[in-house]
Amino acid sequence: MFDIERWQEIFDTIRKNKLRTFLTGISVASGIFILVILLGFGQGMRNGIEQEFEQDAATSVWVWPGVTSKEYKGMNPGRRIQLTNENFNNSVALFNETIEYNSPRIFVRGVTVNYGKESLVYSIQGVASNFQFIENAKMIDGRFINYQDEMSTAKVAIVGKKIRSDVFNEVETPIGEYIDISGIPFKIIGVYKEYEDREEERIYIPISTAQKVFNGGDRVNNMSFTLPAVENFDQAVAQAVDFKNNLKTYLQQVHTVAPDDTSAVEVWSAMEEAKRYYSLTGNIKLFFWFVGVCTIIAGVVGVSNIMLIVVKERTREIGIRKALGAKPWSIIGMILHEAIFVTAISGFGGLIFSMALLEVVGPHIEIDYVVNPSVNFTVAFTTVIVLVIAGTLAGFFPAWRAARVHTIEALKDE
């Protein structure tokens, strides 16, 4: 039953100790506020990292050549490794059961690009039809390069959304328009979009066309693959590591590279990189929890201290209550009511303010590796409940001490 007199006593006590109570409440509220905000930014970092990896297929593996750094089998260090079509085709044949999508890529350099009288400065890359799925390029108009384009060395091109808005803003669609690459007309057959503008500043043409028309020979600048989806993250990482090691071993053997030469053939796995970042964010989250919990503990200690002061100041009152027949548990309950009141009001106040701030500001935060900071309400609410329980325990010991004071000694207190 709601005891009006008991709550009136609590408010009277708070008024008498308003400065100490206010500071303690601020400490408790700030602890919850800081913890929720830190956890929100921890989740924001995870969201940002996930978005970064969504730019390419999550299971993608990329290979590019480097320069040897060690002598091996009579071959001097400093040799530049050159990947070829044969390397790519053999890799696909060797690991066909492990690979989902695959594509070689060549960078077309030393060419001029024009649209009408306008000179364009975008990069040109020769890729295979599967590159769309490896790069996670979403087609918003037309189509991507297909197998027939590769086989026929077609003079076709795919442009990014940013190129469309920058160059083809005066036509309804760039599909069917022609761009001139070093005097050779290429018909635009598709427009793609990516997560970032810089990824949309590329012009894709069939790799066969890039190699034959622009003197690429059988050279390949890099190779890319995706692996099939598996049941969980750990299995995906293990699959990527296994594929990466086997692929690197094969390429090192083909190009006579020392097994411990780390610079001759570079193989990058998105899953391995994701594991590193997730481990980092996990450690950062633990640190955030540590900081937030320490702040909350400081608030709980403040609650305990103010309860000690309250007990000291009300010793005589407690003695009178006991002389009039008050039971020890009623004395304890009187003190605990105040502890619970302070921690509950402060804790839920900090929770509401921090959640509201994340709700309003969070969706608008999009910086590198931090996107939409947010926190699970259940976790935050549970934290406040734990705080209230901790505050109750913090108030219990001063209350127990008050209940054990002898009536005569309490009445003598000045």
# chains A, B, ... in the order shown; residues from 1 in each chain; ligands from 1
$ residues_around --residues "segment 279-288 of chain A" --least-positions-apart "3" --cutoff "10 Å" --atoms "only C-alpha atoms" --output "CSV table (one decimal) with N, CA and C atoms, in the first residue's frame"
chain,number,residue,atom,x,y,z
A,34,ILE,N,26.9,8.0,-19.5
A,34,ILE,CA,28.2,7.8,-20.2
A,34,ILE,C,28.2,6.3,-20.7
A,35,LEU,N,27.8,5.4,-19.9
A,35,LEU,CA,27.8,4.0,-20.3
A,35,LEU,C,26.9,3.8,-21.6
A,36,VAL,N,25.7,4.3,-21.6
A,36,VAL,CA,24.8,4.2,-22.8
A,36,VAL,C,25.4,4.8,-24.0
A,37,ILE,N,26.0,6.0,-23.8
A,37,ILE,CA,26.6,6.7,-25.0
A,37,ILE,C,27.8,5.9,-25.5
A,38,LEU,N,28.6,5.4,-24.6
A,38,LEU,CA,29.8,4.7,-25.0
A,38,LEU,C,29.4,3.4,-25.7
A,39,LEU,N,28.4,2.7,-25.2
A,39,LEU,CA,27.9,1.5,-25.8
A,39,LEU,C,27.3,1.8,-27.2
A,40,GLY,N,26.6,2.9,-27.3
A,40,GLY,CA,26.0,3.3,-28.5
A,40,GLY,C,27.1,3.6,-29.6
A,41,PHE,N,28.2,4.2,-29.2
A,41,PHE,CA,29.3,4.4,-30.2
A,41,PHE,C,30.0,3.2,-30.5
A,42,GLY,N,30.1,2.2,-29.5
A,42,GLY,CA,30.7,0.9,-29.8
A,42,GLY,C,29.9,0.2,-30.9
A,43,GLN,N,28.5,0.3,-30.8
A,43,GLN,CA,27.7,-0.3,-31.8
A,43,GLN,C,27.8,0.4,-33.1
A,44,GLY,N,27.9,1.8,-33.1
A,44,GLY,CA,28.1,2.6,-34.2
A,44,GLY,C,29.4,2.2,-35.0
A,45,MET,N,30.5,1.9,-34.3
A,45,MET,CA,31.7,1.5,-34.9
A,45,MET,C,31.5,0.1,-35.6
A,46,ARG,N,30.7,-0.8,-35.0
A,46,ARG,CA,30.5,-2.1,-35.6
A,46,ARG,C,29.6,-1.9,-36.9
A,49,ILE,N,31.9,-0.5,-39.6
A,49,ILE,CA,32.8,-1.6,-40.2
A,49,ILE,C,32.0,-2.5,-41.1
A,273,GLU,N,40.1,-9.7,-42.5
A,273,GLU,CA,40.1,-8.3,-42.1
A,273,GLU,C,38.9,-8.0,-41.2
A,274,ALA,N,37.8,-8.6,-41.6
A,274,ALA,CA,36.6,-8.3,-40.7
A,274,ALA,C,36.8,-8.9,-39.3
A,275,LYS,N,37.5,-10.0,-39.2
A,275,LYS,CA,37.7,-10.6,-37.9
A,275,LYS,C,38.6,-9.7,-37.1
A,276,ARG,N,39.6,-9.1,-37.7
A,276,ARG,CA,40.5,-8.2,-37.0
A,276,ARG,C,39.7,-7.0,-36.5
A,291,VAL,N,34.8,1.6,-18.4
A,291,VAL,CA,34.7,3.1,-18.0
A,291,VAL,C,33.3,3.4,-17.5
A,292,GLY,N,32.3,2.8,-18.1
A,292,GLY,CA,30.9,3.1,-17.7
A,292,GLY,C,30.6,2.5,-16.3
A,293,VAL,N,31.1,1.2,-16.1
A,293,VAL,CA,30.8,0.6,-14.8
A,293,VAL,C,31.6,1.3,-13.7
A,294,CYS,N,32.8,1.7,-14.0
A,294,CYS,CA,33.6,2.5,-13.0
A,294,CYS,C,32.8,3.7,-12.6
$ select_by_dssp --residues "segment 151-234 of chain A" --states "strand (DSSP E or B)" --output "PyMOL selection string"
chain A and resi 156-160+178-181+184-193+202-206+219-220+222-226
$ residues_around --residues "Phe95 of chain A" --least-positions-apart "2" --cutoff "12 Å" --atoms "only C-alpha atoms" --output "ChimeraX atom specification"
/A:88-93,97-102,225-227,242-248,250
$ write_last_selection --atoms "N, CA, C and O atoms" --output "compact mmCIF listing (two decimals), in the first residue's frame"
# COMPACT_ATOMS: atom_id res chain seq x y z
N PHE A 88 45.39 -16.96 -63.76
CA PHE A 88 44.00 -16.84 -63.35
C PHE A 88 43.21 -18.10 -63.70
O PHE A 88 42.50 -18.66 -62.86
N ASN A 89 43.33 -18.55 -64.95
CA ASN A 89 42.58 -19.72 -65.39
C ASN A 89 42.96 -20.97 -64.60
O ASN A 89 42.09 -21.78 -64.23
N ASN A 90 44.24 -21.14 -64.32
CA ASN A 90 44.68 -22.30 -63.53
C ASN A 90 44.18 -22.22 -62.09
O ASN A 90 43.83 -23.25 -61.49
N SER A 91 44.17 -21.00 -61.54
CA SER A 91 43.66 -20.83 -60.17
C SER A 91 42.19 -21.22 -60.10
O SER A 91 41.75 -21.90 -59.16
N VAL A 92 41.42 -20.78 -61.08
CA VAL A 92 40.00 -21.12 -61.12
C VAL A 92 39.80 -22.62 -61.26
O VAL A 92 38.94 -23.22 -60.60
N ALA A 93 40.63 -23.25 -62.12
CA ALA A 93 40.51 -24.70 -62.33
C ALA A 93 40.89 -25.48 -61.07
O ALA A 93 40.23 -26.46 -60.71
N GLU A 97 35.89 -25.83 -56.92
CA GLU A 97 34.86 -26.25 -55.97
C GLU A 97 34.74 -25.28 -54.80
O GLU A 97 33.73 -25.27 -54.10
N THR A 98 35.77 -24.48 -54.56
CA THR A 98 35.78 -23.54 -53.43
C THR A 98 35.27 -22.16 -53.83
O THR A 98 34.81 -21.41 -52.98
N ILE A 99 35.35 -21.83 -55.12
CA ILE A 99 35.07 -20.48 -55.59
C ILE A 99 33.61 -20.32 -55.99
O ILE A 99 33.02 -21.20 -56.60
N GLU A 100 33.04 -19.17 -55.64
CA GLU A 100 31.68 -18.84 -56.08
C GLU A 100 31.74 -17.98 -57.35
O GLU A 100 31.21 -18.33 -58.38
N TYR A 101 32.38 -16.80 -57.25
CA TYR A 101 32.56 -15.91 -58.40
C TYR A 101 34.04 -15.61 -58.56
O TYR A 101 34.81 -15.67 -57.60
N ASN A 102 34.45 -15.25 -59.79
CA ASN A 102 35.85 -14.94 -60.04
C ASN A 102 35.96 -13.95 -61.18
O ASN A 102 35.11 -13.91 -62.07
N PHE A 225 38.15 -13.10 -56.17
CA PHE A 225 37.29 -14.27 -56.02
C PHE A 225 36.32 -14.02 -54.87
O PHE A 225 36.57 -13.21 -53.98
N THR A 226 35.20 -14.73 -54.90
CA THR A 226 34.35 -14.80 -53.71
C THR A 226 34.15 -16.28 -53.38
O THR A 226 34.16 -17.14 -54.26
N LEU A 227 33.95 -16.54 -52.10
CA LEU A 227 33.76 -17.90 -51.62
C LEU A 227 32.29 -18.09 -51.25
O LEU A 227 31.61 -17.13 -50.87
N ASP A 242 42.06 -20.79 -45.40
CA ASP A 242 42.50 -21.99 -46.12
C ASP A 242 42.66 -21.69 -47.61
O ASP A 242 43.68 -22.05 -48.22
N PHE A 243 41.66 -21.04 -48.20
CA PHE A 243 41.73 -20.70 -49.62
C PHE A 243 42.88 -19.75 -49.91
O PHE A 243 43.63 -19.92 -50.88
N LYS A 244 43.03 -18.75 -49.07
CA LYS A 244 44.10 -17.76 -49.24
C LYS A 244 45.47 -18.43 -49.22
O LYS A 244 46.31 -18.16 -50.09
N ASN A 245 45.70 -19.30 -48.26
CA ASN A 245 47.01 -19.96 -48.13
C ASN A 245 47.29 -20.87 -49.32
O ASN A 245 48.41 -20.89 -49.86
N ASN A 246 46.28 -21.63 -49.74
CA ASN A 246 46.48 -22.54 -50.88
C ASN A 246 46.73 -21.77 -52.17
O ASN A 246 47.59 -22.14 -52.97
N LEU A 247 45.97 -20.69 -52.37
CA LEU A 247 46.14 -19.88 -53.57
C LEU A 247 47.52 -19.22 -53.60
O LEU A 247 48.20 -19.20 -54.63
N LYS A 248 47.94 -18.70 -52.45
CA LYS A 248 49.24 -18.03 -52.37
C LYS A 248 50.37 -19.03 -52.61
O LYS A 248 51.34 -18.72 -53.32
N TYR A 250 50.26 -21.76 -54.42
CA TYR A 250 50.28 -22.08 -55.86
C TYR A 250 50.98 -20.97 -56.65
O TYR A 250 51.85 -21.25 -57.48
$ select_by_dssp --residues "segment 58-165 of chain A" --states "alpha helix (DSSP H)" --output "compact mmCIF listing (two decimals) with N, CA, C and O atoms, in the first residue's frame"
# COMPACT_ATOMS: atom_id res chain seq x y z
N ASN A 85 46.81 -14.33 -67.64
CA ASN A 85 45.56 -15.06 -67.83
C ASN A 85 45.71 -16.52 -67.43
O ASN A 85 44.79 -17.13 -66.87
N GLU A 86 46.89 -17.08 -67.73
CA GLU A 86 47.12 -18.49 -67.39
C GLU A 86 47.07 -18.69 -65.87
O GLU A 86 46.49 -19.67 -65.39
N ASN A 87 47.68 -17.76 -65.13
CA ASN A 87 47.62 -17.85 -63.66
C ASN A 87 46.18 -17.84 -63.18
O ASN A 87 45.79 -18.62 -62.30
N PHE A 88 45.39 -16.96 -63.76
CA PHE A 88 44.00 -16.84 -63.35
C PHE A 88 43.21 -18.10 -63.70
O PHE A 88 42.50 -18.66 -62.86
N ASN A 89 43.33 -18.55 -64.95
CA ASN A 89 42.58 -19.72 -65.39
C ASN A 89 42.96 -20.97 -64.60
O ASN A 89 42.09 -21.78 -64.23
N ASN A 90 44.24 -21.14 -64.32
CA ASN A 90 44.68 -22.30 -63.53
C ASN A 90 44.18 -22.22 -62.09
O ASN A 90 43.83 -23.25 -61.49
N SER A 91 44.17 -21.00 -61.54
CA SER A 91 43.66 -20.83 -60.17
C SER A 91 42.19 -21.22 -60.10
O SER A 91 41.75 -21.90 -59.16
N VAL A 92 41.42 -20.78 -61.08
CA VAL A 92 40.00 -21.12 -61.12
C VAL A 92 39.80 -22.62 -61.26
O VAL A 92 38.94 -23.22 -60.60
N ALA A 93 40.63 -23.25 -62.12
CA ALA A 93 40.51 -24.70 -62.33
C ALA A 93 40.89 -25.48 -61.07
O ALA A 93 40.23 -26.46 -60.71
N LEU A 94 41.96 -25.03 -60.39
CA LEU A 94 42.43 -25.74 -59.19
C LEU A 94 41.44 -25.65 -58.03
O LEU A 94 41.24 -26.62 -57.29
N PHE A 131 32.52 -9.75 -62.14
CA PHE A 131 33.07 -8.69 -61.28
C PHE A 131 31.96 -7.90 -60.61
O PHE A 131 32.15 -7.35 -59.53
N GLN A 132 30.80 -7.82 -61.23
CA GLN A 132 29.67 -7.10 -60.64
C GLN A 132 29.33 -7.65 -59.25
O GLN A 132 29.04 -6.88 -58.32
N PHE A 133 29.38 -8.97 -59.09
CA PHE A 133 29.01 -9.59 -57.82
C PHE A 133 30.13 -9.52 -56.80
O PHE A 133 29.89 -9.48 -55.60
N ILE A 134 31.36 -9.48 -57.27
CA ILE A 134 32.50 -9.36 -56.36
C ILE A 134 32.58 -7.96 -55.79
O ILE A 134 32.84 -7.76 -54.60
N TYR A 147 29.07 -12.53 -70.59
CA TYR A 147 30.03 -13.46 -71.18
C TYR A 147 30.20 -13.23 -72.68
O TYR A 147 31.31 -13.31 -73.21
N GLN A 148 29.09 -12.92 -73.36
CA GLN A 148 29.15 -12.70 -74.82
C GLN A 148 30.03 -11.48 -75.14
O GLN A 148 30.76 -11.47 -76.13
N ASP A 149 29.95 -10.44 -74.29
CA ASP A 149 30.79 -9.25 -74.49
C ASP A 149 32.27 -9.62 -74.42
O ASP A 149 33.09 -9.12 -75.21
N GLU A 150 32.61 -10.51 -73.49
CA GLU A 150 34.00 -10.94 -73.35
C GLU A 150 34.46 -11.74 -74.56
O GLU A 150 35.56 -11.52 -75.08
N MET A 151 33.62 -12.66 -74.99
CA MET A 151 34.00 -13.54 -76.10
C MET A 151 34.14 -12.77 -77.42
O MET A 151 34.98 -13.10 -78.26
N LYS A 161 27.32 5.77 -61.25
CA LYS A 161 26.24 6.73 -61.05
C LYS A 161 26.76 8.16 -60.99
O LYS A 161 26.15 9.10 -61.52
N LYS A 162 27.94 8.34 -60.35
CA LYS A 162 28.50 9.69 -60.25
C LYS A 162 28.92 10.21 -61.62
O LYS A 162 28.75 11.39 -61.92
N ILE A 163 29.44 9.32 -62.47
CA ILE A 163 29.80 9.72 -63.83
C ILE A 163 28.55 10.15 -64.59
O ILE A 163 28.55 11.14 -65.32
N ARG A 164 27.47 9.40 -64.40
CA ARG A 164 26.21 9.76 -65.07
C ARG A 164 25.76 11.16 -64.68
O ARG A 164 25.38 11.97 -65.53
N SER A 165 25.80 11.46 -63.37
CA SER A 165 25.33 12.78 -62.91
C SER A 165 26.29 13.89 -63.31
O SER A 165 25.87 15.02 -63.55
$ closest_residue --among "A:Phe107, A:Trp64, A:Phe353, A:Tyr192" --to "Ser263 of chain A" --atoms "only C-alpha atoms"
A:Trp64
$ atom_distance --atom1 "atom CA of Gly31 of chain A" --atom2 "atom CA of Asn47 of chain A"
24.3 Å
